[in-house]
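Participant: Next up, input_30.csv (CSV, C-alpha atoms).
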```csv
chain,number,residue,atom,x,y,z
A,477,MET,CA,8.0,17.3,-5.9
A,478,LYS,CA,8.7,15.8,-9.3
A,479,SER,CA,6.6,12.8,-10.2
A,480,PRO,CA,8.5,9.6,-10.8
A,481,GLU,CA,8.6,8.0,-14.3
A,482,LEU,CA,8.8,4.4,-15.5
A,483,ALA,CA,12.6,4.7,-15.5
A,484,ASP,CA,12.6,5.6,-11.8
A,485,LEU,CA,10.5,2.5,-11.1
A,486,GLN,CA,12.9,0.3,-13.0
A,487,ALA,CA,15.9,1.8,-11.2
A,488,ALA,CA,14.1,1.2,-7.9
A,489,ARG,CA,13.6,-2.4,-8.8
A,490,GLU,CA,17.3,-2.9,-9.3
A,491,ARG,CA,18.2,-1.0,-6.1
A,492,ILE,CA,15.9,-2.9,-3.8
A,493,ALA,CA,16.2,-6.4,-5.4
A,494,PRO,CA,18.7,-7.8,-2.9
A,495,TYR,CA,16.6,-6.6,0.1
A,496,VAL,CA,13.0,-7.5,-0.7
A,497,HIS,CA,11.2,-10.7,-1.8
A,498,HIS,CA,10.1,-11.4,-5.4
A,499,THR,CA,6.6,-12.4,-4.2
A,500,PRO,CA,4.6,-15.2,-5.9
A,501,VAL,CA,1.4,-15.0,-7.8
A,502,LEU,CA,-1.3,-17.4,-6.7
A,503,CYS,CA,-4.5,-18.5,-8.4
A,504,SER,CA,-7.6,-20.3,-7.3
A,505,GLN,CA,-10.0,-22.2,-9.6
A,506,GLN,CA,-12.7,-21.9,-6.9
A,507,LEU,CA,-12.4,-18.1,-6.7
A,508,ASP,CA,-12.3,-17.9,-10.5
A,509,GLY,CA,-15.5,-19.9,-10.6
A,510,HIS,CA,-17.0,-17.7,-7.9
A,511,THR,CA,-16.4,-14.5,-9.7
A,512,GLY,CA,-16.4,-15.5,-13.4
A,513,ALA,CA,-13.0,-13.8,-13.8
A,514,GLU,CA,-9.4,-15.2,-14.2
A,515,LEU,CA,-7.8,-13.9,-11.0
A,516,PHE,CA,-4.0,-13.6,-10.3
A,517,PHE,CA,-3.2,-12.6,-6.8
A,518,LYS,CA,0.2,-10.8,-6.4
A,519,CYS,CA,1.1,-11.9,-2.8
A,520,GLU,CA,2.6,-8.8,-1.2
A,521,HIS,CA,1.2,-10.1,2.1
A,522,LEU,CA,4.2,-12.5,1.9
A,523,GLN,CA,6.6,-9.6,1.4
A,524,ARG,CA,9.2,-8.7,4.1
A,525,ALA,CA,7.5,-7.0,7.0
A,526,GLY,CA,4.3,-8.4,5.8
A,527,ALA,CA,3.3,-5.8,3.2
A,528,PHE,CA,4.2,-4.1,0.0
A,529,LYS,CA,5.4,-1.1,2.0
A,530,ALA,CA,8.8,-2.8,2.3
A,531,ARG,CA,9.4,-1.8,-1.4
A,532,GLY,CA,9.0,1.9,-1.0
A,533,ALA,CA,10.6,2.2,2.4
A,534,THR,CA,13.7,0.2,1.2
A,535,ASN,CA,14.0,2.4,-2.0
A,536,ALA,CA,13.7,5.6,0.1
A,537,VAL,CA,16.3,4.6,2.6
A,538,LEU,CA,18.8,3.2,0.0
A,539,SER,CA,18.4,6.5,-1.9
A,540,LEU,CA,19.7,8.6,0.9
A,541,ASP,CA,23.4,9.6,0.8
A,542,ALA,CA,25.5,9.3,3.9
A,543,THR,CA,25.0,12.9,5.0
A,544,GLU,CA,21.2,12.7,4.7
A,545,ALA,CA,21.0,9.4,6.5
A,546,GLY,CA,23.2,10.4,9.4
A,547,ALA,CA,20.4,11.3,11.9
A,548,GLY,CA,18.1,8.5,10.8
A,549,VAL,CA,14.6,8.5,9.3
A,550,ALA,CA,11.2,9.3,10.7
A,551,THR,CA,7.6,8.9,9.6
A,552,HIS,CA,4.0,8.6,10.8
A,553,SER,CA,2.2,5.4,10.2
A,554,SER,CA,-0.7,3.2,11.3
A,555,GLY,CA,1.7,0.3,11.1
A,556,ASN,CA,2.9,-1.3,7.8
A,557,HIS,CA,4.9,1.6,6.5
A,558,GLY,CA,6.4,2.2,10.0
A,559,ALA,CA,7.5,-1.4,10.3
A,560,ALA,CA,8.9,-1.4,6.7
A,561,LEU,CA,10.8,1.9,7.4
A,562,ALA,CA,12.2,0.5,10.6
A,563,MET,CA,13.3,-2.6,8.8
A,564,ALA,CA,14.9,-0.7,6.0
A,565,ALA,CA,16.7,1.7,8.4
A,566,GLY,CA,18.0,-1.3,10.3
A,567,GLN,CA,19.7,-2.6,7.1
A,568,ARG,CA,21.8,0.6,7.1
A,569,ASP,CA,22.1,0.7,10.9
A,570,LEU,CA,20.1,3.9,11.1
A,571,PRO,CA,17.6,5.0,13.8
A,572,ALA,CA,14.0,5.1,12.8
A,573,TYR,CA,11.4,7.2,14.6
A,574,ILE,CA,7.8,6.1,14.0
A,575,VAL,CA,4.8,8.2,15.0
A,576,MET,CA,1.8,5.9,15.5
A,577,PRO,CA,-1.8,6.6,16.5
A,578,THR,CA,-3.0,5.2,19.8
A,579,ASN,CA,-5.5,3.0,18.0
A,580,ALA,CA,-2.9,1.3,15.8
A,581,PRO,CA,-3.3,-2.5,15.8
A,582,THR,CA,-1.2,-4.3,18.4
A,583,VAL,CA,0.3,-6.6,15.9
A,584,LYS,CA,1.6,-3.6,13.9
A,585,ARG,CA,3.0,-1.9,16.9
A,586,ALA,CA,4.8,-5.1,17.8
A,587,ALA,CA,6.3,-5.3,14.2
A,588,VAL,CA,7.6,-1.7,14.4
A,589,ALA,CA,9.2,-2.4,17.8
A,590,GLY,CA,10.5,-5.7,16.6
A,591,TYR,CA,12.4,-4.1,13.7
A,592,GLY,CA,14.0,-1.6,16.1
A,593,GLY,CA,11.8,1.4,15.5
A,594,GLU,CA,11.2,3.9,18.3
A,595,ILE,CA,7.5,4.4,18.6
A,596,ILE,CA,6.1,7.9,19.5
A,597,GLU,CA,2.4,7.8,20.2
A,598,CYS,CA,-0.2,10.4,19.0
A,599,GLU,CA,-3.9,10.9,18.9
A,600,PRO,CA,-5.6,9.0,16.0
A,601,THR,CA,-6.0,12.0,13.6
A,602,LEU,CA,-4.0,13.1,10.6
A,603,ALA,CA,-3.4,16.5,12.2
A,604,ALA,CA,-2.0,14.9,15.3
A,605,ARG,CA,0.2,12.6,13.3
A,606,GLU,CA,1.7,15.5,11.3
A,607,ALA,CA,2.2,17.7,14.3
A,608,THR,CA,3.9,15.0,16.3
A,609,LEU,CA,6.1,14.1,13.4
A,610,ALA,CA,7.2,17.7,13.0
A,611,THR,CA,8.2,17.8,16.7
A,612,VAL,CA,10.2,14.5,16.2
A,613,LEU,CA,12.0,15.9,13.1
A,614,LYS,CA,12.9,19.1,14.9
A,615,LYS,CA,14.2,17.2,17.9
A,616,THR,CA,16.2,14.5,16.1
A,617,GLY,CA,17.2,16.0,12.7
A,618,ALA,CA,16.0,12.8,11.0
A,619,VAL,CA,14.9,12.7,7.4
A,620,ALA,CA,11.2,12.5,6.9
A,621,VAL,CA,10.0,9.6,4.7
A,622,HIS,CA,6.3,10.2,4.0
A,623,PRO,CA,4.2,7.0,3.9
A,624,TYR,CA,3.0,7.7,0.4
A,625,ASN,CA,3.4,11.3,-0.8
A,626,ASP,CA,7.1,10.8,-1.8
A,627,PRO,CA,8.5,10.0,-5.3
A,628,ARG,CA,10.9,7.5,-3.8
A,629,ILE,CA,8.1,5.7,-2.1
A,630,ILE,CA,5.9,5.7,-5.2
A,631,ALA,CA,8.7,4.3,-7.3
A,632,GLY,CA,9.4,1.5,-4.9
A,633,GLN,CA,5.7,0.6,-4.5
A,634,GLY,CA,5.4,0.4,-8.3
A,635,THR,CA,7.9,-2.4,-8.5
A,636,ALA,CA,5.2,-4.9,-7.4
A,637,ALA,CA,3.3,-4.2,-10.6
A,638,LEU,CA,6.4,-4.5,-12.7
A,639,GLU,CA,6.9,-8.0,-11.3
A,640,LEU,CA,3.3,-8.9,-11.7
A,641,MET,CA,3.2,-7.9,-15.4
A,642,GLU,CA,6.2,-10.1,-16.0
A,643,GLN,CA,4.8,-13.0,-14.1
A,644,VAL,CA,1.4,-12.8,-15.8
A,645,PRO,CA,1.5,-11.5,-19.4
A,646,ASN,CA,-1.6,-10.1,-21.1
A,647,LEU,CA,-3.5,-8.9,-18.1
A,648,ASP,CA,-6.7,-7.0,-18.9
A,649,VAL,CA,-6.8,-5.1,-15.6
A,650,ILE,CA,-4.9,-4.5,-12.4
A,651,VAL,CA,-6.8,-3.9,-9.2
A,652,VAL,CA,-5.2,-2.3,-6.1
A,653,PRO,CA,-6.5,-0.9,-2.8
A,654,VAL,CA,-6.1,2.8,-2.2
A,655,GLY,CA,-5.5,4.7,1.0
A,656,GLY,CA,-2.7,7.4,0.7
A,657,GLY,CA,-2.2,6.4,-2.9
A,658,GLY,CA,1.4,5.3,-3.0
A,659,LEU,CA,0.7,1.8,-4.2
A,660,LEU,CA,-2.0,3.0,-6.7
A,661,ALA,CA,0.2,5.7,-8.1
A,662,GLY,CA,3.2,3.4,-8.5
A,663,THR,CA,1.0,0.7,-10.0
A,664,ALA,CA,-0.6,3.1,-12.5
A,665,LEU,CA,2.8,4.4,-13.7
A,666,ALA,CA,4.1,0.8,-14.1
A,667,ALA,CA,1.0,-0.5,-15.9
A,668,LYS,CA,0.4,2.4,-18.3
A,669,GLY,CA,4.2,2.8,-18.9
A,670,LEU,CA,4.4,-0.8,-20.1
A,671,ASN,CA,0.9,-1.3,-21.7
A,672,SER,CA,-1.3,1.8,-22.2
A,673,ARG,CA,-4.3,-0.5,-22.9
A,674,ILE,CA,-4.3,-2.1,-19.5
A,675,GLU,CA,-7.1,-0.9,-17.1
A,676,VAL,CA,-6.0,0.3,-13.7
A,677,VAL,CA,-8.8,0.0,-11.1
A,678,ALA,CA,-8.6,1.2,-7.5
A,679,VAL,CA,-10.8,0.0,-4.6
A,680,GLU,CA,-11.5,1.9,-1.5
A,681,PRO,CA,-13.6,1.3,1.6
A,682,GLU,CA,-16.9,3.2,1.7
A,683,GLY,CA,-16.1,4.5,5.1
A,684,ALA,CA,-12.8,6.1,3.9
A,685,ASP,CA,-13.7,7.3,0.4
A,686,ASP,CA,-11.7,10.5,-0.1
A,687,ALA,CA,-9.9,9.1,-3.2
A,688,PHE,CA,-13.3,8.1,-4.7
A,689,ARG,CA,-14.6,11.6,-4.1
A,690,SER,CA,-11.4,13.3,-5.3
A,691,PHE,CA,-11.4,11.3,-8.5
A,692,GLY,CA,-15.0,12.0,-9.2
A,693,LEU,CA,-14.8,15.7,-8.6
A,694,GLY,CA,-11.3,16.2,-10.1
A,695,GLU,CA,-10.2,18.0,-7.0
A,696,LEU,CA,-8.4,16.7,-3.9
A,697,GLN,CA,-10.9,16.1,-1.1
A,698,PRO,CA,-10.0,15.8,2.6
A,699,GLN,CA,-10.2,12.5,4.5
A,700,THR,CA,-12.8,13.1,7.3
A,701,ASN,CA,-13.4,10.7,10.2
A,702,PRO,CA,-12.5,7.5,8.3
A,703,ASN,CA,-14.5,4.5,9.6
A,704,THR,CA,-13.4,1.1,8.2
A,705,ILE,CA,-11.9,-2.1,9.4
A,706,ALA,CA,-9.2,-1.6,6.7
A,707,ASP,CA,-6.9,0.3,9.0
A,708,GLY,CA,-4.2,0.6,6.4
A,709,LEU,CA,-6.5,2.7,4.1
A,710,ARG,CA,-7.6,5.4,6.5
A,711,ALA,CA,-5.0,7.9,5.4
A,712,GLY,CA,-5.9,10.9,3.2
A,713,LEU,CA,-4.8,10.8,-0.5
A,714,GLY,CA,-1.5,12.5,-1.1
A,715,GLU,CA,-1.2,15.5,-3.5
A,716,LEU,CA,1.5,14.0,-5.7
A,717,ASN,CA,-0.3,10.7,-5.7
A,718,PHE,CA,-3.5,12.4,-6.8
A,719,GLU,CA,-1.9,14.0,-9.8
A,720,ILE,CA,-0.6,10.7,-11.0
A,721,ILE,CA,-3.9,9.0,-10.3
A,722,ARG,CA,-5.9,11.6,-12.3
A,723,LYS,CA,-3.7,11.0,-15.3
A,724,HIS,CA,-3.3,7.2,-15.2
A,725,VAL,CA,-6.1,5.5,-13.2
A,726,ASP,CA,-9.3,4.4,-15.0
A,727,THR,CA,-11.7,4.3,-12.1
A,728,ILE,CA,-12.1,4.0,-8.4
A,729,LEU,CA,-14.7,1.8,-6.8
A,730,THR,CA,-15.9,1.6,-3.2
A,731,VAL,CA,-16.8,-1.4,-1.1
A,732,PRO,CA,-18.6,-1.8,2.3
A,733,ASP,CA,-16.7,-3.4,5.2
A,734,SER,CA,-19.1,-6.4,5.0
A,735,VAL,CA,-17.7,-7.3,1.6
A,736,ILE,CA,-14.1,-6.7,2.8
A,737,VAL,CA,-14.8,-9.3,5.5
A,738,GLU,CA,-16.3,-11.7,2.9
A,739,ALA,CA,-13.2,-11.3,0.7
A,740,MET,CA,-10.9,-11.8,3.6
A,741,LYS,CA,-12.7,-15.0,4.6
A,742,LEU,CA,-12.6,-16.4,1.0
A,743,GLN,CA,-8.8,-15.8,0.8
A,744,TRP,CA,-8.3,-17.4,4.2
A,745,THR,CA,-10.5,-20.4,3.5
A,746,ARG,CA,-10.1,-21.1,-0.2
A,747,MET,CA,-6.5,-19.9,-0.7
A,748,LYS,CA,-5.2,-20.6,2.8
A,749,GLN,CA,-3.6,-17.1,2.8
A,750,VAL,CA,-3.6,-14.9,5.9
A,751,VAL,CA,-4.6,-11.5,4.5
A,752,GLU,CA,-5.4,-8.4,6.5
A,753,PRO,CA,-8.6,-6.3,5.8
A,754,SER,CA,-6.7,-3.7,3.7
A,755,GLY,CA,-5.1,-6.5,1.7
A,756,ALA,CA,-8.5,-8.0,0.9
A,757,VAL,CA,-10.0,-4.7,-0.4
A,758,GLY,CA,-9.0,-5.3,-4.1
A,759,PHE,CA,-10.6,-8.7,-4.2
A,760,ALA,CA,-13.6,-7.2,-2.4
A,761,GLY,CA,-14.0,-4.8,-5.3
A,762,VAL,CA,-14.3,-7.8,-7.7
A,763,LEU,CA,-16.9,-9.4,-5.4
A,764,GLU,CA,-18.9,-6.1,-5.1
A,765,HIS,CA,-18.7,-5.1,-8.8
A,766,PRO,CA,-18.5,-8.5,-10.7
A,767,GLU,CA,-19.8,-7.2,-14.0
A,768,ARG,CA,-16.6,-5.1,-14.5
A,769,PHE,CA,-14.3,-8.1,-14.3
A,770,ARG,CA,-16.3,-11.1,-15.6
A,771,GLY,CA,-14.4,-12.9,-18.3
A,772,ARG,CA,-11.2,-10.9,-17.9
A,773,ARG,CA,-7.7,-11.6,-16.8
A,774,VAL,CA,-7.4,-9.7,-13.5
A,775,GLY,CA,-4.2,-9.0,-11.5
A,776,LEU,CA,-4.8,-8.1,-7.8
A,777,VAL,CA,-2.2,-6.8,-5.5
A,778,VAL,CA,-2.7,-8.3,-2.1
A,779,SER,CA,-1.2,-5.5,-0.2
A,780,GLY,CA,-0.6,-6.9,3.3
A,781,GLY,CA,-1.1,-9.7,5.8
A,782,ASN,CA,-0.4,-8.1,9.2
A,783,VAL,CA,-3.6,-9.3,11.0
A,784,ASP,CA,-4.3,-8.9,14.7
A,785,ILE,CA,-5.5,-12.5,15.2
A,786,ASP,CA,-6.8,-11.6,18.7
A,787,ASN,CA,-9.2,-9.1,17.1
A,788,LEU,CA,-10.5,-10.7,13.8
A,789,PRO,CA,-13.4,-8.9,12.1
A,790,TRP,CA,-15.7,-11.9,12.4
```
Please go through the file and, once you have read it, give me the structure as structure tokens.
Facilitator:
Amino acid sequence: MKSPELADLQAARERIAPYVHHTPVLCSQQLDGHTGAELFFKCEHLQRAGAFKARGATNAVLSLDATEAGAGVATHSSGNHGAALAMAAGQRDLPAYIVMPTNAPTVKRAAVAGYGGEIIECEPTLAAREATLATVLKKTGAVAVHPYNDPRIIAGQGTAALELMEQVPNLDVIVVPVGGGGLLAGTALAAKGLNSRIEVVAVEPEGADDAFRSFGLGELQPQTNPNTIADGLRAGLGELNFEIIRKHVDTILTVPDSVIVEAMKLQWTRMKQVVEPSGAVGFAGVLEHPERFRGRRVGLVVSGGNVDIDNLPW
């Protein structure tokens, strides 16, 4: 697969503009004072389908020609990508087959079904996801749209950073969560393509740290038994994503779940924003590693807001 370039991100932005939200950037004097940094939260939890995933999924579906799209699309997902793909497929009147692990949050299963996706359950392992998806593809003839290891997905996800850098000029650093790496890869391409001096920092849960290990060793490491409340970040890092991350990301930090919960609570109580654990991970990185960000203009991509309110982590 060929890595997308800045021009691909810019084309994706034009392609998806009529179908996704241009999300706001919010600030909080209280949180600035709490961290010693100037924070700018790019609110992708207010995006359609409740997460940045709407961008990549919409770009992927709109990129398909009529022949490719005929049998629909399929993927595996813990929730946000599945809901986004079902939504995007519905806009073209296409079927969407979503393989979901049995431990996927109820709120995310409901979102996939609500957008018309057909849910196929599997065991909560990456091997089970991939094997079940292969069976679905063979049975339906649908086009596979990988949650993150896909140039069309990466280009779409990178449009959030393109917007952020227009909304907030002269950022010193952009912070994003990392799971499979689609958002991070797209953000890095956007940021370094527009301003090579900007720092790109990824944050990952300690209990699902394959990107941190891969980045440090310079070689892709497997995701083994991820254990974190940030369910959207349990996926293993994609190969294409890793190559982009190695070239364009400055560092990857890790945070414990306790700090993710603290970040989540602060965003709920101080900003009045309903943010899911995965969406709070970037801010958690600022709380856990304040010396890296103090006195700087920091853009944070709040990746999602699909919270199971009957199962809050506090």
Participant: Would you mind listing, for every residue of stretch 620-722 of chain A within 9 Å of stretch 521-539 of chain A, the two atoms forming the shortest contact and the distance between them in Å to one decimal, using all atoms listed in the file, sorted by chain and ascending residue number, as a tab-separated table?
Facilitator:
```
residue	atom	partner	partner_atom	distance
A:Val621	CA	A:Ala536	CA	7.1
A:Pro623	CA	A:Ala533	CA	8.1
A:Tyr624	CA	A:Gly532	CA	8.5
A:Asp626	CA	A:Ala536	CA	8.6
A:Pro627	CA	A:Ala536	CA	8.7
A:Arg628	CA	A:Ala536	CA	5.2
A:Ile629	CA	A:Gly532	CA	4.1
A:Ile630	CA	A:Gly532	CA	6.5
A:Ala631	CA	A:Gly532	CA	6.7
A:Gly632	CA	A:Gly532	CA	3.9
A:Gln633	CA	A:Gly532	CA	5.0
A:Gly634	CA	A:Arg531	CA	8.3
A:Thr635	CA	A:Arg531	CA	7.3
A:Ala636	CA	A:Phe528	CA	7.5
A:Gly658	CA	A:Gly532	CA	8.6
A:Leu659	CA	A:Phe528	CA	8.0
```
Participant: Between A:Lys615, A:Arg770, A:Lys478, A:His765, which residue has the minimum interatomic distance to A:Tyr573, considering only C-alpha atoms?
Facilitator: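 The answer is A:Lys615, which sits nearest to A:Tyr573.
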Participant: If we count only C-alpha atoms and set the cut-off at 6 Å, which residues sit around stretch 581-586 of chain A, ignoring sequence neighbours fewer than 4 positions away in its own chain? Please answer as an NGL selection string.
Facilitator: :A and (555 or 590 or 784)
Participant: Tell me which protein, DNA and RNA residues are within 9 Å of A:Glu764, counting only C-alpha atoms, leaving out same-chain ones fewer than 6 positions away, and put them as a list in words.
Facilitator: Thr730, Val731, Pro732 and Val735 of chain A
Participant: Suppose you want the space between atom CA of A:Asn703 and atom CA of A:Val651; what is it in Å?
Facilitator: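 Calculated distance between atom CA of A:Asn703 and atom CA of A:Val651 is 22.0 Å.
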Participant: Using only C-alpha atoms, list the residues that have an atom at most 7 Å from (14.7, 3.0, 12.1), coordinates as in the file, as an MDAnalysis selection string.
Facilitator: chainID A and resid 548:549 561:563 565:566 570:573 592:593
Participant: Within 9 Å of (0.4, 0.1, -11.8), all atoms listed in the file: residues as a PyMOL selection string?
Facilitator: chain A and resi 634-638+650-652+659-669+676+724-725
Participant: Could N, CA and C atoms be built for stretch 559-593 of chain A and written out as a PDB file, keeping the file's coordinate frame?
Facilitator:
```
ATOM      1  N   ALA A 559       6.712  -0.219  10.117  1.00  0.00           N
ATOM      2  CA  ALA A 559       7.500  -1.400  10.300  1.00  0.00           C
ATOM      3  C   ALA A 559       8.499  -1.559   9.108  1.00  0.00           C
ATOM      4  N   ALA A 560       8.039  -1.258   7.898  1.00  0.00           N
ATOM      5  CA  ALA A 560       8.900  -1.400   6.700  1.00  0.00           C
ATOM      6  C   ALA A 560      10.071  -0.359   6.809  1.00  0.00           C
ATOM      7  N   LEU A 561       9.776   0.849   7.270  1.00  0.00           N
ATOM      8  CA  LEU A 561      10.800   1.900   7.400  1.00  0.00           C
ATOM      9  C   LEU A 561      11.841   1.478   8.459  1.00  0.00           C
ATOM     10  N   ALA A 562      11.335   0.969   9.580  1.00  0.00           N
ATOM     11  CA  ALA A 562      12.200   0.500  10.600  1.00  0.00           C
ATOM     12  C   ALA A 562      13.137  -0.610  10.148  1.00  0.00           C
ATOM     13  N   MET A 563      12.562  -1.539   9.389  1.00  0.00           N
ATOM     14  CA  MET A 563      13.300  -2.600   8.800  1.00  0.00           C
ATOM     15  C   MET A 563      14.405  -2.137   7.865  1.00  0.00           C
ATOM     16  N   ALA A 564      13.989  -1.238   6.957  1.00  0.00           N
ATOM     17  CA  ALA A 564      14.900  -0.700   6.000  1.00  0.00           C
ATOM     18  C   ALA A 564      16.044   0.102   6.635  1.00  0.00           C
ATOM     19  N   ALA A 565      15.689   0.886   7.649  1.00  0.00           N
ATOM     20  CA  ALA A 565      16.700   1.700   8.400  1.00  0.00           C
ATOM     21  C   ALA A 565      17.678   0.741   9.071  1.00  0.00           C
ATOM     22  N   GLY A 566      17.179  -0.344   9.636  1.00  0.00           N
ATOM     23  CA  GLY A 566      18.000  -1.300  10.300  1.00  0.00           C
ATOM     24  C   GLY A 566      19.079  -1.912   9.393  1.00  0.00           C
ATOM     25  N   GLN A 567      18.724  -2.053   8.122  1.00  0.00           N
ATOM     26  CA  GLN A 567      19.700  -2.600   7.100  1.00  0.00           C
ATOM     27  C   GLN A 567      20.845  -1.668   6.908  1.00  0.00           C
ATOM     28  N   ARG A 568      20.660  -0.372   7.203  1.00  0.00           N
ATOM     29  CA  ARG A 568      21.800   0.600   7.100  1.00  0.00           C
ATOM     30  C   ARG A 568      22.240   1.037   8.482  1.00  0.00           C
ATOM     31  N   ASP A 569      21.753   0.384   9.513  1.00  0.00           N
ATOM     32  CA  ASP A 569      22.100   0.700  10.900  1.00  0.00           C
ATOM     33  C   ASP A 569      21.765   2.144  11.250  1.00  0.00           C
ATOM     34  N   LEU A 570      20.584   2.583  10.846  1.00  0.00           N
ATOM     35  CA  LEU A 570      20.100   3.900  11.100  1.00  0.00           C
ATOM     36  C   LEU A 570      18.953   3.880  12.109  1.00  0.00           C
ATOM     37  N   PRO A 571      18.822   4.903  12.949  1.00  0.00           N
ATOM     38  CA  PRO A 571      17.600   5.000  13.800  1.00  0.00           C
ATOM     39  C   PRO A 571      16.388   5.281  13.010  1.00  0.00           C
ATOM     40  N   ALA A 572      15.246   4.784  13.474  1.00  0.00           N
ATOM     41  CA  ALA A 572      14.000   5.100  12.800  1.00  0.00           C
ATOM     42  C   ALA A 572      12.961   5.477  13.885  1.00  0.00           C
ATOM     43  N   TYR A 573      12.358   6.635  13.691  1.00  0.00           N
ATOM     44  CA  TYR A 573      11.400   7.200  14.600  1.00  0.00           C
ATOM     45  C   TYR A 573       9.998   7.088  13.981  1.00  0.00           C
ATOM     46  N   ILE A 574       9.091   6.345  14.611  1.00  0.00           N
ATOM     47  CA  ILE A 574       7.800   6.100  14.000  1.00  0.00           C
ATOM     48  C   ILE A 574       6.675   6.632  14.868  1.00  0.00           C
ATOM     49  N   VAL A 575       5.992   7.643  14.364  1.00  0.00           N
ATOM     50  CA  VAL A 575       4.800   8.200  15.000  1.00  0.00           C
ATOM     51  C   VAL A 575       3.623   7.335  14.700  1.00  0.00           C
ATOM     52  N   MET A 576       2.969   6.801  15.739  1.00  0.00           N
ATOM     53  CA  MET A 576       1.800   5.900  15.500  1.00  0.00           C
ATOM     54  C   MET A 576       0.633   6.347  16.336  1.00  0.00           C
ATOM     55  N   PRO A 577      -0.583   6.264  15.753  1.00  0.00           N
ATOM     56  CA  PRO A 577      -1.800   6.600  16.500  1.00  0.00           C
ATOM     57  C   PRO A 577      -2.057   5.617  17.617  1.00  0.00           C
ATOM     58  N   THR A 578      -2.708   6.067  18.637  1.00  0.00           N
ATOM     59  CA  THR A 578      -3.000   5.200  19.800  1.00  0.00           C
ATOM     60  C   THR A 578      -3.854   4.015  19.467  1.00  0.00           C
ATOM     61  N   ASN A 579      -4.605   4.104  18.369  1.00  0.00           N
ATOM     62  CA  ASN A 579      -5.500   3.000  18.000  1.00  0.00           C
ATOM     63  C   ASN A 579      -4.869   2.067  16.953  1.00  0.00           C
ATOM     64  N   ALA A 580      -3.565   2.180  16.731  1.00  0.00           N
ATOM     65  CA  ALA A 580      -2.900   1.300  15.800  1.00  0.00           C
ATOM     66  C   ALA A 580      -2.993  -0.155  16.292  1.00  0.00           C
ATOM     67  N   PRO A 581      -3.202  -1.123  15.393  1.00  0.00           N
ATOM     68  CA  PRO A 581      -3.300  -2.500  15.800  1.00  0.00           C
ATOM     69  C   PRO A 581      -2.081  -2.990  16.583  1.00  0.00           C
ATOM     70  N   THR A 582      -2.306  -3.790  17.595  1.00  0.00           N
ATOM     71  CA  THR A 582      -1.200  -4.300  18.400  1.00  0.00           C
ATOM     72  C   THR A 582      -0.164  -5.028  17.617  1.00  0.00           C
ATOM     73  N   VAL A 583      -0.622  -5.833  16.653  1.00  0.00           N
ATOM     74  CA  VAL A 583       0.300  -6.600  15.900  1.00  0.00           C
ATOM     75  C   VAL A 583       1.256  -5.697  15.056  1.00  0.00           C
ATOM     76  N   LYS A 584       0.747  -4.537  14.642  1.00  0.00           N
ATOM     77  CA  LYS A 584       1.600  -3.600  13.900  1.00  0.00           C
ATOM     78  C   LYS A 584       2.533  -2.826  14.755  1.00  0.00           C
ATOM     79  N   ARG A 585       2.095  -2.492  15.952  1.00  0.00           N
ATOM     80  CA  ARG A 585       3.000  -1.900  16.900  1.00  0.00           C
ATOM     81  C   ARG A 585       4.143  -2.810  17.250  1.00  0.00           C
ATOM     82  N   ALA A 586       3.803  -4.085  17.438  1.00  0.00           N
ATOM     83  CA  ALA A 586       4.800  -5.100  17.800  1.00  0.00           C
ATOM     84  C   ALA A 586       5.833  -5.223  16.626  1.00  0.00           C
ATOM     85  N   ALA A 587       5.356  -5.137  15.392  1.00  0.00           N
ATOM     86  CA  ALA A 587       6.300  -5.300  14.200  1.00  0.00           C
ATOM     87  C   ALA A 587       7.234  -4.093  14.185  1.00  0.00           C
ATOM     88  N   VAL A 588       6.725  -2.881  14.403  1.00  0.00           N
ATOM     89  CA  VAL A 588       7.600  -1.700  14.400  1.00  0.00           C
ATOM     90  C   VAL A 588       8.694  -1.848  15.466  1.00  0.00           C
ATOM     91  N   ALA A 589       8.283  -2.202  16.661  1.00  0.00           N
ATOM     92  CA  ALA A 589       9.200  -2.400  17.800  1.00  0.00           C
ATOM     93  C   ALA A 589      10.209  -3.522  17.457  1.00  0.00           C
ATOM     94  N   GLY A 590       9.686  -4.582  16.866  1.00  0.00           N
ATOM     95  CA  GLY A 590      10.500  -5.700  16.600  1.00  0.00           C
ATOM     96  C   GLY A 590      11.644  -5.435  15.579  1.00  0.00           C
ATOM     97  N   TYR A 591      11.383  -4.484  14.683  1.00  0.00           N
ATOM     98  CA  TYR A 591      12.400  -4.100  13.700  1.00  0.00           C
ATOM     99  C   TYR A 591      13.302  -2.963  14.249  1.00  0.00           C
ATOM    100  N   GLY A 592      13.123  -2.599  15.514  1.00  0.00           N
ATOM    101  CA  GLY A 592      14.000  -1.600  16.100  1.00  0.00           C
ATOM    102  C   GLY A 592      13.543  -0.180  16.028  1.00  0.00           C
ATOM    103  N   GLY A 593      12.300   0.046  15.564  1.00  0.00           N
ATOM    104  CA  GLY A 593      11.800   1.400  15.500  1.00  0.00           C
ATOM    105  C   GLY A 593      11.417   1.957  16.837  1.00  0.00           C
TER     106      GLY A 593
END
```
